[in-house]
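> My structure is in query25.cif, and what it holds is mmCIF, C-alpha atoms:
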data_run
loop_
_atom_site.label_atom_id
_atom_site.label_comp_id
_atom_site.auth_asym_id
_atom_site.auth_seq_id
_atom_site.Cartn_x
_atom_site.Cartn_y
_atom_site.Cartn_z
CA MET A 1 -220.44 162.63 111.48
CA THR A 2 -218.86 159.28 112.36
CA LEU A 3 -216.19 160.21 109.80
CA VAL A 4 -215.64 163.51 111.61
CA ALA A 5 -215.38 161.57 114.87
CA GLY A 6 -212.64 159.38 113.38
CA LEU A 7 -210.79 162.45 112.08
CA ARG A 8 -211.17 164.14 115.46
CA ALA A 9 -209.64 161.13 117.21
CA ALA A 10 -206.60 161.47 114.94
CA SER A 11 -206.40 165.23 115.44
CA TYR A 12 -206.69 164.84 119.23
CA GLY A 13 -204.00 162.14 119.22
CA VAL A 14 -206.26 159.49 120.77
CA PRO A 15 -207.22 156.04 119.39
CA PHE A 16 -210.99 156.58 119.28
CA GLN A 17 -213.65 159.22 119.67
CA PRO A 18 -217.09 158.91 121.31
CA VAL A 19 -219.98 160.07 119.13
CA GLY A 20 -223.67 160.75 119.75
CA GLY A 21 -226.36 158.67 118.06
CA VAL A 22 -225.69 155.65 115.79
CA HIS A 23 -227.99 153.45 117.93
CA GLY A 24 -230.26 151.36 115.70
CA SER A 25 -228.09 151.70 112.57
CA ASP A 26 -226.78 148.69 110.63
CA LEU A 27 -223.63 150.75 109.98
CA ALA A 28 -222.33 149.90 113.47
CA ALA A 29 -222.17 146.14 112.88
CA LEU A 30 -220.98 146.60 109.30
CA ASN A 31 -218.03 148.74 110.41
CA GLY A 32 -217.38 146.88 113.64
CA TRP A 33 -218.00 149.97 115.78
CA GLN A 34 -217.95 149.25 119.51
CA THR A 35 -219.70 150.91 122.42
CA VAL A 36 -218.34 151.90 125.82
CA THR A 37 -220.37 152.51 128.96
CA ASP A 38 -219.75 155.87 130.60
CA PRO A 39 -216.93 155.15 133.08
CA TYR A 40 -218.19 158.05 135.23
CA GLY A 41 -221.40 156.28 136.12
CA SER A 42 -224.23 157.80 134.06
CA GLY A 43 -224.92 154.35 132.64
CA LYS A 44 -225.06 155.76 129.10
CA GLU A 45 -223.72 153.57 126.34
CA VAL A 46 -221.82 155.50 123.65
CA TYR A 47 -220.40 154.43 120.29
CA VAL A 48 -216.66 155.00 119.84
CA ILE A 49 -215.20 155.47 116.36
CA PRO A 50 -211.59 154.47 115.65
CA ALA A 51 -209.12 157.18 114.61
CA ILE A 52 -208.85 158.03 110.91
CA ALA A 53 -205.53 159.68 110.01
CA PRO A 54 -205.33 160.39 106.26
CA ASP A 55 -201.82 160.10 104.81
CA ILE A 56 -202.36 163.34 102.91
CA ALA A 57 -204.95 166.13 103.07
CA VAL A 58 -205.32 168.35 100.01
CA MET A 59 -207.34 171.54 100.35
CA HIS A 60 -208.06 174.59 98.22
CA ALA A 61 -207.65 177.99 99.91
CA ALA A 62 -208.57 181.49 98.83
CA GLU A 63 -205.18 183.06 99.52
CA ILE A 64 -201.74 181.88 100.57
CA ASP A 65 -198.41 183.52 101.32
CA VAL A 66 -194.89 182.30 100.52
CA ASP A 67 -194.72 180.50 103.87
CA GLY A 68 -197.88 178.50 103.17
CA ASN A 69 -200.20 180.36 105.55
CA ALA A 70 -203.60 179.67 103.99
CA ARG A 71 -206.69 181.84 104.27
CA VAL A 72 -210.28 180.68 103.70
CA TYR A 73 -213.30 182.96 103.47
CA GLY A 74 -216.79 181.83 104.43
CA SER A 75 -217.46 178.36 105.79
CA PRO A 76 -214.39 176.15 106.38
CA PHE A 77 -216.50 172.99 105.88
CA TRP A 78 -214.13 170.09 106.73
CA ASP A 79 -210.82 171.85 106.04
CA HIS A 80 -210.02 172.45 109.71
CA VAL A 81 -210.42 168.88 111.00
CA LEU A 82 -208.95 167.33 107.83
CA THR A 83 -205.74 169.34 108.01
CA ARG A 84 -205.33 168.54 111.72
CA ALA A 85 -206.00 164.80 111.25
CA ALA A 86 -203.78 164.20 108.22
CA LYS A 87 -200.09 163.28 108.37
CA ARG A 88 -199.19 165.63 105.50
CA VAL A 89 -200.99 168.74 104.19
CA PHE A 90 -200.90 170.04 100.63
CA VAL A 91 -202.67 173.29 99.71
CA THR A 92 -203.75 174.81 96.43
CA ALA A 93 -204.83 178.46 96.48
CA GLU A 94 -206.53 180.96 94.23
CA ARG A 95 -203.79 183.55 94.64
CA LEU A 96 -200.54 184.39 96.36
CA VAL A 97 -200.65 187.42 98.68
CA PRO A 98 -198.01 189.26 100.71
CA THR A 99 -197.71 188.01 104.29
CA ASP A 100 -198.80 191.46 105.53
CA VAL A 101 -202.28 190.73 104.14
CA LEU A 102 -202.52 187.72 106.48
CA ARG A 103 -200.97 189.62 109.41
CA ALA A 104 -203.78 192.18 109.17
CA GLN A 105 -206.42 189.52 109.99
CA PRO A 106 -204.68 186.39 111.30
CA GLU A 107 -208.00 184.88 112.46
CA LEU A 108 -208.85 184.25 108.81
CA THR A 109 -205.82 181.96 108.39
CA LEU A 110 -207.20 178.43 108.59
CA VAL A 111 -203.91 176.58 108.23
CA PRO A 112 -200.62 178.04 109.50
CA GLY A 113 -197.69 177.60 107.18
CA PHE A 114 -195.71 175.31 109.48
CA MET A 115 -198.34 172.59 108.88
CA VAL A 116 -198.19 172.91 105.09
CA GLU A 117 -195.67 170.72 103.29
CA ALA A 118 -196.23 172.15 99.82
CA PHE A 119 -198.55 174.49 98.00
CA ALA A 120 -199.39 175.56 94.46
CA VAL A 121 -201.15 178.67 93.22
CA VAL A 122 -204.00 177.42 91.05
CA PRO A 123 -206.46 180.10 89.94
CA GLY A 124 -209.83 178.50 89.28
CA GLY A 125 -208.65 175.40 91.14
CA ALA A 126 -212.07 174.60 92.61
CA TRP A 127 -213.77 174.53 89.20
CA PRO A 128 -216.43 173.28 88.46
CA GLY A 129 -217.13 173.77 92.15
CA SER A 130 -217.31 177.20 93.75
CA MET A 131 -214.71 179.28 95.57
CA HIS A 132 -216.18 181.89 97.85
CA PRO A 133 -216.04 184.81 97.15
CA TYR A 134 -214.39 184.50 93.73
CA TYR A 135 -216.76 182.33 91.72
CA ASP A 136 -219.93 180.23 91.97
CA VAL A 137 -220.60 176.61 90.99
CA ASP A 138 -220.43 176.18 87.20
CA TYR A 139 -223.72 174.29 86.94
CA PRO A 140 -223.65 173.88 83.11
CA ALA A 141 -220.18 172.28 83.41
CA VAL A 142 -221.39 169.90 86.13
CA GLU A 143 -224.47 168.95 84.14
CA ALA A 144 -222.41 168.34 80.99
CA TYR A 145 -220.02 166.13 82.97
CA MET A 146 -222.87 164.00 84.33
CA LYS A 147 -223.91 162.79 80.86
CA ASP A 148 -223.09 159.12 80.36
CA GLU A 149 -221.71 159.14 76.82
CA PRO A 150 -218.34 158.92 75.02
CA GLY A 151 -216.05 161.97 75.06
CA VAL A 152 -217.61 163.57 78.16
CA LEU A 153 -214.45 163.33 80.28
CA GLU A 154 -212.26 164.72 77.49
CA ALA A 155 -214.68 167.61 76.88
CA HIS A 156 -214.80 168.30 80.63
CA LEU A 157 -211.02 168.44 80.92
CA ALA A 158 -210.77 170.66 77.85
CA ALA A 159 -213.26 173.10 79.37
CA ALA A 160 -211.17 173.61 82.56
CA PRO A 161 -210.18 177.22 83.34
CA GLU A 162 -206.46 176.62 82.83
CA LYS A 163 -207.13 175.17 79.36
CA GLN A 164 -209.26 178.18 78.49
CA ASP A 165 -206.48 180.50 79.66
CA GLN A 166 -203.91 178.60 77.62
CA GLN A 167 -206.07 178.86 74.58
CA GLN A 168 -206.57 182.57 75.09
CA GLU A 169 -202.85 183.11 75.59
CA ASN A 170 -202.14 181.20 72.45
CA GLU A 171 -204.54 183.46 70.64
CA GLY A 172 -202.86 186.51 72.14
CA ARG A 173 -205.87 187.69 74.12
CA LYS A 174 -206.16 188.65 77.77
CA GLY A 175 -207.04 185.77 80.11
CA LYS A 176 -209.63 185.88 82.87
CA SER A 177 -206.99 185.18 85.53
CA GLU A 178 -204.80 188.12 84.59
CA ASP A 179 -205.13 189.71 88.05
CA ALA A 180 -204.02 186.57 89.82
CA LYS A 181 -201.03 186.21 87.55
CA GLU A 182 -199.94 189.76 88.18
CA ILE A 183 -199.87 189.07 91.90
CA GLN A 184 -197.70 186.02 91.35
CA MET B 1 -257.98 169.42 90.33
CA SER B 2 -256.07 171.45 92.89
CA THR B 3 -253.28 173.86 92.01
CA TRP B 4 -250.59 171.74 93.67
CA THR B 5 -247.66 170.51 91.64
CA PRO B 6 -245.81 167.52 93.15
CA SER B 7 -242.91 169.81 94.13
CA SER B 8 -245.01 172.67 95.50
CA TYR B 9 -247.01 170.15 97.58
CA ILE B 10 -243.80 168.81 99.12
CA ILE B 11 -242.22 172.24 99.70
CA VAL B 12 -245.26 173.78 101.40
CA ASN B 13 -246.00 170.74 103.54
CA LEU B 14 -242.35 170.55 104.62
CA ALA B 15 -242.56 174.23 105.60
CA ARG B 16 -245.71 173.59 107.64
CA GLN B 17 -243.74 171.27 109.98
CA ILE B 18 -241.72 174.18 111.42
CA ARG B 19 -242.95 175.45 114.81
CA PRO B 20 -242.37 178.83 116.47
CA GLU B 21 -238.95 179.36 118.09
CA GLU B 22 -237.54 176.11 116.73
CA ILE B 23 -234.02 175.68 115.36
CA ALA B 24 -234.35 173.96 111.98
CA PHE B 25 -231.66 172.53 109.71
CA SER B 26 -231.53 171.48 106.05
CA GLY B 27 -228.67 169.51 104.50
CA VAL B 28 -227.06 168.47 101.23
CA ASN B 29 -229.16 167.30 98.29
CA SER B 30 -232.12 168.99 100.00
CA THR B 31 -233.35 171.64 97.62
CA LEU B 32 -237.02 171.15 98.54
CA PRO B 33 -236.43 171.52 102.32
CA MET B 34 -234.15 174.51 101.64
CA LEU B 35 -237.02 176.18 99.78
CA ALA B 36 -239.42 175.13 102.56
CA CYS B 37 -237.27 176.83 105.22
CA LEU B 38 -236.93 180.01 103.17
CA LEU B 39 -240.68 179.93 102.42
CA ALA B 40 -241.54 179.62 106.12
CA LYS B 41 -239.52 182.78 106.82
CA ARG B 42 -241.71 184.69 104.37
CA ALA B 43 -245.13 183.07 104.77
CA TYR B 44 -245.43 182.62 108.55
CA ASP B 45 -245.42 185.32 111.21
CA PHE B 46 -243.56 183.41 113.93
CA HIS B 47 -239.80 183.42 114.50
CA TYR B 48 -237.63 180.38 114.03
CA THR B 49 -233.91 179.88 113.32
CA TYR B 50 -232.76 178.36 110.04
CA ILE B 51 -229.32 176.75 109.72
CA ASN B 52 -228.13 175.51 106.32
CA VAL B 53 -225.51 172.84 105.63
CA ALA B 54 -223.37 175.33 103.70
CA GLY B 55 -222.70 177.02 107.06
CA GLY B 56 -225.26 179.83 106.95
CA VAL B 57 -227.30 180.90 109.97
CA GLU B 58 -230.44 182.80 108.98
CA PRO B 59 -229.19 183.19 105.39
CA GLN B 60 -230.80 185.79 103.15
CA PRO B 61 -229.69 184.56 99.72
CA THR B 62 -230.22 186.92 96.81
CA LYS B 63 -230.56 183.96 94.45
CA ILE B 64 -231.71 180.40 95.08
CA PRO B 65 -229.02 177.97 93.97
CA LEU B 66 -229.82 174.64 92.34
CA SER B 67 -227.69 172.90 94.95
CA SER B 68 -228.74 173.16 98.60
CA SER B 69 -225.09 173.13 99.70
CA ASP B 70 -223.96 175.93 97.35
CA PRO B 71 -222.08 178.63 99.31
CA ALA B 72 -224.44 181.10 97.61
CA ILE B 73 -227.06 180.01 100.16
CA VAL B 74 -224.89 181.47 102.95
CA ALA B 75 -225.29 185.03 101.60
CA GLY B 76 -226.56 187.48 104.18
CA SER B 77 -225.76 185.23 107.16
CA PRO B 78 -224.58 187.12 110.25
CA ALA B 79 -222.74 183.99 111.41
CA ILE B 80 -220.99 180.96 109.97
CA PHE B 81 -221.90 177.69 111.70
CA ALA B 82 -219.95 175.08 109.80
CA ASN B 83 -220.29 171.34 109.39
CA GLN B 84 -218.92 170.11 112.68
CA ASP B 85 -220.74 172.82 114.61
CA PHE B 86 -224.22 171.79 113.49
CA TYR B 87 -223.54 168.07 113.89
CA ASP B 88 -222.37 168.74 117.44
CA LEU B 89 -225.41 170.93 118.09
CA CYS B 90 -227.63 168.05 116.95
CA ALA B 91 -225.73 165.44 119.00
CA ARG B 92 -226.17 167.48 122.19
CA GLY B 93 -229.89 167.89 121.59
CA GLY B 94 -229.92 171.43 120.22
CA LEU B 95 -231.61 170.89 116.85
CA ASP B 96 -235.40 170.83 117.06
CA LEU B 97 -236.16 169.97 113.44
CA VAL B 98 -233.85 168.31 110.93
CA TYR B 99 -234.69 167.54 107.29
CA LEU B 100 -233.02 164.25 106.33
CA GLY B 101 -233.42 162.46 103.01
CA CYS B 102 -234.00 158.77 102.37
CA ALA B 103 -234.00 156.27 99.53
CA GLN B 104 -236.23 153.83 101.39
CA ILE B 105 -238.32 154.37 104.53
CA ASP B 106 -240.36 151.95 106.63
CA ALA B 107 -243.48 152.37 108.77
CA GLU B 108 -241.42 153.14 111.89
CA GLY B 109 -239.48 155.92 110.14
CA ARG B 110 -236.19 154.08 109.78
CA THR B 111 -234.27 155.06 106.66
CA ASN B 112 -231.97 153.48 104.11
CA VAL B 113 -229.57 155.69 102.19
CA SER B 114 -226.83 153.05 101.89
CA VAL B 115 -227.68 150.28 99.44
CA ILE B 116 -230.49 148.65 97.42
CA GLY B 117 -230.05 144.90 97.49
CA SER B 118 -227.59 143.37 99.95
CA TRP B 119 -224.46 145.16 101.16
CA GLU B 120 -222.23 142.41 99.74
CA ASN B 121 -224.06 142.17 96.42
CA PRO B 122 -225.79 145.51 95.81
CA ARG B 123 -228.12 146.33 92.96
CA VAL B 124 -227.57 150.05 93.64
CA ARG B 125 -224.88 151.52 95.85
CA LEU B 126 -226.29 154.73 97.35
CA PRO B 127 -224.30 157.78 98.52
CA GLY B 128 -224.48 156.95 102.23
CA GLY B 129 -225.83 158.49 105.36
CA GLY B 130 -224.05 161.84 105.47
CA GLY B 131 -224.52 161.98 109.21
CA ALA B 132 -228.01 160.44 109.28
CA ALA B 133 -227.00 157.73 111.77
CA VAL B 134 -226.06 160.46 114.25
CA MET B 135 -228.77 162.99 113.42
CA LEU B 136 -231.88 160.77 113.21
CA PRO B 137 -231.55 159.53 116.81
CA THR B 138 -230.36 162.83 118.30
CA ALA B 139 -232.49 165.51 116.59
CA LYS B 140 -235.73 166.17 118.46
CA ARG B 141 -237.79 165.68 115.28
CA VAL B 142 -236.77 164.59 111.80
CA VAL B 143 -238.81 165.28 108.66
CA THR B 144 -238.21 163.47 105.38
CA TRP B 145 -239.61 163.65 101.86
CA ARG B 146 -239.63 161.70 98.62
CA THR B 147 -240.72 162.85 95.17
CA GLU B 148 -241.57 159.20 94.36
CA HIS B 149 -244.37 157.63 96.41
CA SER B 150 -244.22 153.92 95.60
CA SER B 151 -243.94 150.55 97.29
CA ARG B 152 -240.24 150.40 96.43
CA VAL B 153 -239.63 153.60 98.43
CA LEU B 154 -242.18 153.27 101.25
CA VAL B 155 -241.33 149.68 102.12
CA ASP B 156 -242.39 147.03 104.61
CA LYS B 157 -238.74 146.04 105.16
CA LEU B 158 -235.64 148.11 104.43
CA ASP B 159 -232.75 146.56 102.49
CA PHE B 160 -230.41 148.20 105.02
CA VAL B 161 -231.04 150.31 108.15
CA THR B 162 -228.82 153.39 107.78
CA ALA B 163 -230.49 155.28 110.59
CA ALA B 164 -233.27 154.92 113.16
CA GLY B 165 -234.68 157.31 115.72
CA ASN B 166 -236.80 160.42 115.90
CA MET B 167 -238.47 160.40 112.49
CA ALA B 168 -241.71 162.39 112.80
CA THR B 169 -242.97 163.29 109.33
CA LEU B 170 -242.90 161.96 105.77
CA VAL B 171 -244.10 164.14 102.89
CA THR B 172 -244.64 162.80 99.37
CA PRO B 173 -246.61 164.23 96.44
CA LEU B 174 -249.55 162.12 97.62
CA GLY B 175 -249.77 162.90 101.31
CA VAL B 176 -248.35 163.77 104.72
CA PHE B 177 -247.63 161.01 107.25
CA GLN B 178 -246.88 161.59 110.94
CA ARG B 179 -245.66 159.34 113.74
CA ASP B 180 -244.79 159.71 117.41
CA THR B 181 -241.04 159.62 117.88
CA ARG B 182 -241.17 156.89 120.54
CA PRO B 183 -239.67 153.56 119.45
CA GLY B 184 -242.02 151.24 117.58
CA ALA B 185 -244.63 153.90 116.70
CA ARG B 186 -245.86 153.70 113.10
CA PHE B 187 -246.66 156.32 110.50
CA ARG B 188 -250.30 157.30 110.19
CA LEU B 189 -251.72 159.30 107.31
CA GLU B 190 -252.39 162.84 108.51
CA SER B 191 -253.63 164.36 105.25
CA TRP B 192 -253.72 163.61 101.54
CA ASN B 193 -253.30 165.59 98.37
CA PRO B 194 -256.89 166.15 97.17
CA ASP B 195 -255.84 165.21 93.62
CA PHE B 196 -255.66 161.60 94.89
CA ASP B 197 -257.57 159.40 97.34
CA VAL B 198 -256.64 157.25 100.32
CA ALA B 199 -257.19 153.97 98.47
CA HIS B 200 -254.70 155.04 95.80
CA ILE B 201 -252.17 156.03 98.46
CA ALA B 202 -252.60 152.64 100.19
CA ARG B 203 -251.95 150.84 96.89
CA GLN B 204 -248.77 152.88 96.35
CA THR B 205 -247.46 152.25 99.89
CA GLY B 206 -245.47 149.18 100.90
CA PHE B 207 -246.54 149.28 104.55
CA ALA B 208 -249.96 149.33 106.19
CA PHE B 209 -250.97 152.60 107.83
CA ASP B 210 -253.83 154.05 109.85
CA ALA B 211 -255.83 156.67 107.93
CA ALA B 212 -258.76 156.99 110.35
CA ALA B 213 -257.99 160.61 111.28
CA ALA B 214 -256.76 161.69 107.85
CA ARG B 215 -258.32 164.60 105.97
CA PRO B 216 -257.59 166.43 102.72
CA THR B 217 -254.53 168.69 102.91
CA GLU B 218 -255.30 172.39 103.43
CA PRO B 219 -254.88 174.33 100.17
CA MET B 220 -251.91 176.61 99.69
CA SER B 221 -252.50 179.91 101.49
CA VAL B 222 -252.13 183.20 99.66
CA ARG B 223 -248.94 183.94 101.60
CA GLU B 224 -247.48 180.50 100.91
CA ARG B 225 -248.21 180.98 97.23
CA GLU B 226 -246.66 184.46 97.21
CA ALA B 227 -243.55 183.29 99.06
CA LEU B 228 -243.04 180.41 96.66
CA ALA B 229 -243.44 182.73 93.69
CA GLN B 230 -240.82 185.09 95.16
CA LEU B 231 -238.34 182.29 95.83
CA ASP B 232 -238.84 180.45 92.56
CA PRO B 233 -240.35 182.93 90.12
CA GLU B 234 -239.78 180.78 87.05
CA GLY B 235 -241.04 177.59 88.69
CA ARG B 236 -237.65 175.99 88.04
CA LEU B 237 -237.72 174.05 91.32
CA SER B 238 -241.40 174.02 92.31
CA GLY B 239 -243.11 173.85 88.93
CA GLY B 240 -242.90 170.10 88.35
#
Have the structure of the file written as structure tokens, please.

Amino acid sequence: MTLVAGLRAASYGVPFQPVGGVHGSDLAALNGWQTVTDPYGSGKEVYVIPAIAPDIAVMHAAEIDVDGNARVYGSPFWDHVLTRAAKRVFVTAERLVPTDVLRAQPELTLVPGFMVEAFAVVPGGAWPGSMHPYYDVDYPAVEAYMKDEPGVLEAHLAAAPEKQDQQQENEGRKGKSEDAKEIQ
Amino acid sequence: MSTWTPSSYIIVNLARQIRPEEIAFSGVNSTLPMLACLLAKRAYDFHYTYINVAGGVEPQPTKIPLSSSDPAIVAGSPAIFANQDFYDLCARGGLDLVYLGCAQIDAEGRTNVSVIGSWENPRVRLPGGGGAAVMLPTAKRVVTWRTEHSSRVLVDKLDFVTAAGNMATLVTPLGVFQRDTRPGARFRLESWNPDFDVAHIARQTGFAFDAAAARPTEPMSVREREALAQLDPEGRLSGG
């Protein structure tokens, strides 16, 4: 939440952001967070968090058009504040769609294309995480990755969706992401 | 022996903290509170509002994910109330009951989720507060839980104070502790798991506590048992 406050300060274009709570936490001294007293006379003392402006925000969207308008279904989590706070925005997306798809429901576009510097269409790009509504968390892949033994990272990378697709293409079979490729 | 497992004891006693008409919230890495909130919807007749960290309001998931922040938990929600929305709701005093985790907790309900050892020279670097420093002082009541009840978890002095404030309840496999949310108030033992006794709990606890009014924990009701069986039919999350 203090991180969100810092990102909000950057997105609002101000040097710091007041935030509720924090009183009694060692994090304040550790991070050098200061308090201000309400200048409007309530007497309340409020912590203020300095602005955090990431150089680059990278987010994964459900759909994107050629202009970089990016649609997210379900909860936006931190994508909204991150893309507003960052100096540059890069997007990956599950699939490319015609702009008319976005025009039909513009309220689902989380990031307008003018804010997006570059994008790539990456089917399965959230793996082993989930991408609503396309796929769920791949729990077996996460559990395999958490083992502390040699070769785990290599096995994890080899199990990625794009590697599986490559392998299937090499073997001349149909890949799981055939639909997405047709749209491209 | 009772029929409690350590996990079922925690889940049901977390669920019992919810009061009618409250707005309750469960966060990341909080599978037991997530199950508690879903259990309360099935086992108790009163209305309350459940908000989940994945952005779901009153979710009706068709499957219970292993992760409490899996978007699958949002299924059936009539509204999305995402990350910043529920933090803001808490900060302005709109969350009645918040489940927040801890690595260490002291008698006054302060929590450490930052570091074991010193900050400069840690033995274990922990994941961090995830909003705890804002939520613990601003939620009306906070409930926490630990699957390990030991003197390295329930400590006399925290290695680091990540958050302090309105901690009300601590549930472990051994018992349920309550405290008033005013500053300086200490945990007292409210009830204990009948598979153990108060002397054992005192030996396992790093801080002194009042047990004068404590009694054995009420057994699982038929409806609590049925709800848990519906939510976790294979005992994957509540069996151990």
> Would you give me, as a PyMOL selection string, the residues of chain B that come within 7 Å of chain A, using all atoms listed in the file?
chain B and resi 54-55+71+80+82-83+87+91+131+133-135+137-138+160-164
> When the PyMOL selection byres ((chain A and resi 124) around 9) is applied to the structure above, which residues does it catch, written out as a ChimeraX atom specification?
/A:93-94,122-123,125-128,130-131,134-135,160-162,177
> Now that the selection is made, can you save its residues with C-alpha atoms as a PDB file, in the frame of the given file?

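As a result, selection_37.pdb now contains:
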ATOM      1  CA  ALA A  93    -204.830 178.460  96.480  1.00  0.00           C
ATOM      2  CA  GLU A  94    -206.530 180.960  94.230  1.00  0.00           C
ATOM      3  CA  VAL A 122    -204.000 177.420  91.050  1.00  0.00           C
ATOM      4  CA  PRO A 123    -206.460 180.100  89.940  1.00  0.00           C
ATOM      5  CA  GLY A 125    -208.650 175.400  91.140  1.00  0.00           C
ATOM      6  CA  ALA A 126    -212.070 174.600  92.610  1.00  0.00           C
ATOM      7  CA  TRP A 127    -213.770 174.530  89.200  1.00  0.00           C
ATOM      8  CA  PRO A 128    -216.430 173.280  88.460  1.00  0.00           C
ATOM      9  CA  SER A 130    -217.310 177.200  93.750  1.00  0.00           C
ATOM     10  CA  MET A 131    -214.710 179.280  95.570  1.00  0.00           C
ATOM     11  CA  TYR A 134    -214.390 184.500  93.730  1.00  0.00           C
ATOM     12  CA  TYR A 135    -216.760 182.330  91.720  1.00  0.00           C
ATOM     13  CA  ALA A 160    -211.170 173.610  82.560  1.00  0.00           C
ATOM     14  CA  PRO A 161    -210.180 177.220  83.340  1.00  0.00           C
ATOM     15  CA  GLU A 162    -206.460 176.620  82.830  1.00  0.00           C
ATOM     16  CA  SER A 177    -206.990 185.180  85.530  1.00  0.00           C
TER      17      SER A 177
END
> Rounded to one decimal in Å, what is the spacing between CA of Val72 in chain A and CA of Ser26 in chain B?
23.3 Å
> So how many Å separate CA of Asp67 in chain A and CA of Val101 in chain A, to one decimal?
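Straight-line distance from CA of Asp67 in chain A to CA of Val101 in chain A works out to 12.7 Å.
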> Take the PyMOL selection byres ((chain A and resi 98-100) around 12), run it mentally on this structure, and tell me the resulting residues as a PyMOL selection string.
chain A and resi 63-71+95-97+101-106+109+112-113+183-184
> Given the choices A:Glu143, A:Pro18, A:Ala155, A:Leu7, which gets closest to Asp79 in chain A if the distance is worked out from all atoms listed in the file?
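Under the stated criterion, the closest residue is A:Leu7.
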> Could you please determine the separation between CA of Ala79 in chain B and CA of Glu226 in chain B in Å, to one decimal place?
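Separating CA of Ala79 in chain B from CA of Glu226 in chain B is a distance of 27.8 Å.
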> Using the file's own x, y and z axes, so that the box edges lie along x, y and z, what centre and edge lengths in Å (one decimal) does a box around every listed atom of range 58-69 of chain B get when 5 Å is added on each side? Give it as AutoDock Vina command-line options.

--center_x -228.4 --center_y 179.9 --center_z 100.7 --size_x 16.6 --size_y 24.0 --size_z 26.6
> Restricting the calculation to all atoms listed in the file, which member of B:Glu224, B:Val124, B:Phe86, B:Ile116 is positioned closest to Asp45 in chain B?
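The answer is B:Glu224, which sits nearest to Asp45 in chain B.
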> Go through B:Val142, B:Ala212, B:Val171, B:Leu97 one by one, measure the shortest atom-to-atom distance of each to Ser7 in chain B using all atoms listed in the file, and give the residue with the smallest value.
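Ranking B:Val142, B:Ala212, B:Val171, B:Leu97 by distance to Ser7 in chain B, first place goes to B:Val171.
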> Between A:Val152, A:Ala141, A:Ala86, A:Ala51, which residue has the minimum interatomic distance to Gly6 in chain A, considering only C-alpha atoms?
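The closest residue to Gly6 in chain A is A:Ala51.
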> Given the PyMOL selection byres ((chain B and resi 229-237) around 9) and the file above, list the residues it selects as a VMD selection string.
chain B and resid 7 to 8 31 to 32 35 38 to 39 63 to 64 66 224 to 228 238 to 240
> Give the answer as one residue: which of A:Val142, A:Val116, A:Ala9, A:Ala159 has the shortest atom-to-atom distance to Ile56 in chain A, using only C-alpha atoms?
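With only C-alpha atoms as the atom set, the closest residue is A:Val116.
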> In the coordinates of the file, take the point (-235.8, 176.7, 113.4) and a cut-off of 10 Å; then, counting all atoms listed in the file, name each qualifying protein, DNA or RNA residue as a VMD selection string.
chain B and resid 18 to 26 37 40 to 41 47 to 51 58 95 to 98
> Compile the contact shell of His200 in chain B as an NGL selection string: residues with an atom at most 12 Å away, counting only C-alpha atoms, same-chain residues fewer than 4 positions apart removed.
:B and (149-151 or 174-175 or 192-196 or 204-205)
